[in-house]
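Data block below; observations after.
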Amino acid sequence: MDIAHLLNRVLEVWRTVRSPDGGGGWETALVRQADVPAKVDQPSAAEQLLAQQGGAEHTHSVYLLPGADVRRGDELRGGGQTFRVVSVIEPSAPVYRKAECRLVEKEGA
């Protein structure tokens, strides 16, 4: 089964990267890693409840190709939206990857 035809958006993958600051410490920055085809859905009420019971907020499910390099803590950006990846799930058969995400709302005007 191929889900590529269902992936109707392209999202940028941003990841926090640490590098030495030259003074014995570290600098962190969000660095764009790749663009990935995706499908963004709202989770079911059961999925939202399960996340809440685990202490997480799950506002959107993002479906990706099985080989997409998306990890917990990444940001997915596109179409004026930013999603923070809460967890990544793979089914037993590598048909897709699903990133459970929280929509990051913009502050200010």
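FYI, nothing fancy with the structure tokens labels: chains A, B, ... in order, residues from 1 per chain, ligands from 1 as they appear.
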Name all residues at most 6 Å from Ser61 in chain A (count only C-alpha atoms; drop same-chain ones fewer than 4 positions away) and give them as an mmCIF file with C-alpha atoms, in the first residue's frame.
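The result, stored in part_14.cif:
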data_model
loop_
_atom_site.group_PDB
_atom_site.id
_atom_site.type_symbol
_atom_site.label_atom_id
_atom_site.label_comp_id
_atom_site.auth_asym_id
_atom_site.auth_seq_id
_atom_site.Cartn_x
_atom_site.Cartn_y
_atom_site.Cartn_z
ATOM 1 C CA VAL A 40 -2.551 16.917 8.384
ATOM 2 C CA ASP A 41 -5.671 15.731 10.232
ATOM 3 C CA GLN A 42 -7.328 16.481 13.528
ATOM 4 C CA PRO A 43 -7.154 13.507 15.927
ATOM 5 C CA ALA A 99 3.508 12.302 14.036
ATOM 6 C CA GLU A 100 1.225 13.288 16.881
ATOM 7 C CA CYS A 101 1.574 17.061 17.097
#
Rows by chain and residue number, range 53-90 of chain A within 12 Å of range 11-31 of chain A, shortest pair, only C-alpha atoms, as a tab-separated table:
residue	atom	partner	partner_atom	distance
A:Val62	CA	A:Leu11	CA	9.8
A:Tyr63	CA	A:Leu11	CA	10.9
A:Leu64	CA	A:Leu11	CA	9.9
A:Ala68	CA	A:Val13	CA	9.7
A:Asp69	CA	A:Val13	CA	8.4
A:Val70	CA	A:Val13	CA	7.0
A:Arg71	CA	A:Arg15	CA	8.4
A:Arg72	CA	A:Arg15	CA	9.4
A:Gly73	CA	A:Arg15	CA	7.3
A:Asp74	CA	A:Arg15	CA	4.8
A:Glu75	CA	A:Trp14	CA	5.0
A:Leu76	CA	A:Val13	CA	4.9
A:Arg77	CA	A:Glu12	CA	5.0
A:Gly78	CA	A:Leu11	CA	4.9
A:Gly79	CA	A:Leu11	CA	8.1
A:Gly80	CA	A:Leu11	CA	10.3
A:Gln81	CA	A:Leu11	CA	9.4
A:Thr82	CA	A:Leu11	CA	9.2
A:Phe83	CA	A:Leu11	CA	9.7
A:Arg84	CA	A:Trp14	CA	9.5
A:Val85	CA	A:Val13	CA	10.1
Using DSSP on the backbone coordinates, identify all residues within range 11-84 of chain A classified as strand (DSSP E or B); present the result as a tab-separated table (two decimals) with C-alpha atoms, in the first residue's frame.
chain	number	residue	atom	x	y	z
A	11	LEU	CA	5.95	20.68	5.45
A	12	GLU	CA	9.38	21.91	6.47
A	13	VAL	CA	11.13	19.89	9.19
A	14	TRP	CA	12.97	22.07	11.74
A	15	ARG	CA	15.13	20.48	14.44
A	16	THR	CA	16.98	21.88	17.45
A	17	VAL	CA	20.72	21.49	16.89
A	18	ARG	CA	23.41	22.04	19.53
A	19	SER	CA	26.90	23.27	18.72
A	20	PRO	CA	29.84	24.36	20.90
A	26	TRP	CA	26.56	25.22	23.89
A	27	GLU	CA	24.42	27.21	21.47
A	28	THR	CA	21.11	25.86	20.28
A	29	ALA	CA	19.27	26.81	17.13
A	30	LEU	CA	16.37	25.54	15.07
A	31	VAL	CA	17.76	24.38	11.74
A	32	ARG	CA	15.73	23.42	8.68
A	33	GLN	CA	16.40	19.76	7.89
A	34	ALA	CA	14.19	18.86	4.93
A	35	ASP	CA	10.80	19.22	3.28
A	36	VAL	CA	8.42	16.27	3.60
A	37	PRO	CA	5.12	15.41	1.93
A	38	ALA	CA	2.39	15.19	4.57
A	39	LYS	CA	-1.31	14.98	5.35
A	40	VAL	CA	-2.55	16.92	8.38
A	41	ASP	CA	-5.67	15.73	10.23
A	60	HIS	CA	-3.18	17.29	15.00
A	61	SER	CA	-2.03	14.04	13.41
A	62	VAL	CA	0.49	14.40	10.59
A	63	TYR	CA	0.85	11.42	8.25
A	64	LEU	CA	4.19	10.99	6.47
A	75	GLU	CA	8.76	21.44	14.35
A	76	LEU	CA	6.79	20.94	11.15
A	77	ARG	CA	6.00	24.19	9.34
A	78	GLY	CA	3.86	25.01	6.35
A	81	GLN	CA	1.07	26.80	10.69
A	82	THR	CA	3.71	25.37	13.02
A	83	PHE	CA	3.30	21.96	14.67
A	84	ARG	CA	5.50	20.66	17.52
Separation of CA of Arg9 in chain A from CA of Glu105 in chain A, in Å and rounded to one decimal:
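Going from CA of Arg9 in chain A over to CA of Glu105 in chain A covers 19.2 Å.
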As an exercise, work out the distance from CA of Ile3 in chain A to CA of Leu65 in chain A in Å and give it to one decimal place.
7.2 Å
How would you write, as a ChimeraX atom specification, the set of residues in chain A that DSSP gives as alpha helix (DSSP H)?
/A:45-53
Please write the residues from the selection above to a file, keeping all heavy atoms, as a PDB file, in the first residue's frame.
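In the end it all went to out-v9.pdb:
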ATOM      1  N   ALA A  45     -11.465  12.066  19.142  1.00  0.00           N
ATOM      2  CA  ALA A  45     -11.643  12.395  20.556  1.00  0.00           C
ATOM      3  C   ALA A  45     -10.908  11.384  21.432  1.00  0.00           C
ATOM      4  O   ALA A  45     -10.313  11.757  22.448  1.00  0.00           O
ATOM      5  CB  ALA A  45     -13.129  12.428  20.904  1.00  0.00           C
ATOM      6  N   ALA A  46     -10.917  10.121  21.035  1.00  0.00           N
ATOM      7  CA  ALA A  46     -10.217   9.084  21.805  1.00  0.00           C
ATOM      8  C   ALA A  46      -8.714   9.327  21.806  1.00  0.00           C
ATOM      9  O   ALA A  46      -8.052   9.164  22.837  1.00  0.00           O
ATOM     10  CB  ALA A  46     -10.540   7.707  21.237  1.00  0.00           C
ATOM     11  N   GLU A  47      -8.147   9.727  20.673  1.00  0.00           N
ATOM     12  CA  GLU A  47      -6.714  10.012  20.598  1.00  0.00           C
ATOM     13  C   GLU A  47      -6.355  11.219  21.471  1.00  0.00           C
ATOM     14  O   GLU A  47      -5.335  11.227  22.143  1.00  0.00           O
ATOM     15  CB  GLU A  47      -6.287  10.270  19.156  1.00  0.00           C
ATOM     16  CG  GLU A  47      -6.285   9.038  18.284  1.00  0.00           C
ATOM     17  CD  GLU A  47      -6.010   9.355  16.827  1.00  0.00           C
ATOM     18  OE1 GLU A  47      -6.574  10.335  16.296  1.00  0.00           O
ATOM     19  OE2 GLU A  47      -5.227   8.594  16.212  1.00  0.00           O
ATOM     20  N   GLN A  48      -7.220  12.240  21.463  1.00  0.00           N
ATOM     21  CA  GLN A  48      -6.974  13.423  22.287  1.00  0.00           C
ATOM     22  C   GLN A  48      -7.028  13.063  23.765  1.00  0.00           C
ATOM     23  O   GLN A  48      -6.193  13.509  24.554  1.00  0.00           O
ATOM     24  CB  GLN A  48      -7.991  14.512  21.969  1.00  0.00           C
ATOM     25  CG  GLN A  48      -7.791  15.156  20.619  1.00  0.00           C
ATOM     26  CD  GLN A  48      -8.848  16.208  20.306  1.00  0.00           C
ATOM     27  OE1 GLN A  48      -9.836  16.344  21.011  1.00  0.00           O
ATOM     28  NE2 GLN A  48      -8.635  16.946  19.238  1.00  0.00           N
ATOM     29  N   LEU A  49      -7.999  12.234  24.154  1.00  0.00           N
ATOM     30  CA  LEU A  49      -8.139  11.819  25.548  1.00  0.00           C
ATOM     31  C   LEU A  49      -6.931  11.003  25.999  1.00  0.00           C
ATOM     32  O   LEU A  49      -6.396  11.219  27.088  1.00  0.00           O
ATOM     33  CB  LEU A  49      -9.427  11.015  25.736  1.00  0.00           C
ATOM     34  CG  LEU A  49      -9.692  10.505  27.153  1.00  0.00           C
ATOM     35  CD1 LEU A  49      -9.802  11.677  28.128  1.00  0.00           C
ATOM     36  CD2 LEU A  49     -10.961   9.676  27.181  1.00  0.00           C
ATOM     37  N   LEU A  50      -6.476  10.098  25.152  1.00  0.00           N
ATOM     38  CA  LEU A  50      -5.312   9.285  25.476  1.00  0.00           C
ATOM     39  C   LEU A  50      -4.077  10.164  25.700  1.00  0.00           C
ATOM     40  O   LEU A  50      -3.313   9.958  26.646  1.00  0.00           O
ATOM     41  CB  LEU A  50      -5.054   8.269  24.367  1.00  0.00           C
ATOM     42  CG  LEU A  50      -3.963   7.243  24.616  1.00  0.00           C
ATOM     43  CD1 LEU A  50      -4.279   6.400  25.842  1.00  0.00           C
ATOM     44  CD2 LEU A  50      -3.805   6.356  23.400  1.00  0.00           C
ATOM     45  N   ALA A  51      -3.891  11.162  24.850  1.00  0.00           N
ATOM     46  CA  ALA A  51      -2.761  12.085  25.012  1.00  0.00           C
ATOM     47  C   ALA A  51      -2.884  12.863  26.316  1.00  0.00           C
ATOM     48  O   ALA A  51      -1.897  13.021  27.041  1.00  0.00           O
ATOM     49  CB  ALA A  51      -2.684  13.040  23.822  1.00  0.00           C
ATOM     50  N   GLN A  52      -4.091  13.337  26.627  1.00  0.00           N
ATOM     51  CA  GLN A  52      -4.300  14.097  27.859  1.00  0.00           C
ATOM     52  C   GLN A  52      -3.996  13.242  29.083  1.00  0.00           C
ATOM     53  O   GLN A  52      -3.410  13.720  30.052  1.00  0.00           O
ATOM     54  CB  GLN A  52      -5.731  14.621  27.934  1.00  0.00           C
ATOM     55  CG  GLN A  52      -6.008  15.747  26.966  1.00  0.00           C
ATOM     56  CD  GLN A  52      -7.488  16.131  26.908  1.00  0.00           C
ATOM     57  OE1 GLN A  52      -8.331  15.450  27.492  1.00  0.00           O
ATOM     58  NE2 GLN A  52      -7.785  17.192  26.186  1.00  0.00           N
ATOM     59  N   GLN A  53      -4.367  11.959  29.041  1.00  0.00           N
ATOM     60  CA  GLN A  53      -4.088  11.064  30.158  1.00  0.00           C
ATOM     61  C   GLN A  53      -2.595  10.872  30.358  1.00  0.00           C
ATOM     62  O   GLN A  53      -2.136  10.633  31.464  1.00  0.00           O
ATOM     63  CB  GLN A  53      -4.778   9.711  29.946  1.00  0.00           C
ATOM     64  CG  GLN A  53      -6.278   9.793  30.081  1.00  0.00           C
ATOM     65  CD  GLN A  53      -6.973   8.501  29.701  1.00  0.00           C
ATOM     66  OE1 GLN A  53      -6.413   7.634  29.036  1.00  0.00           O
ATOM     67  NE2 GLN A  53      -8.221   8.370  30.117  1.00  0.00           N
TER      68      GLN A  53
END
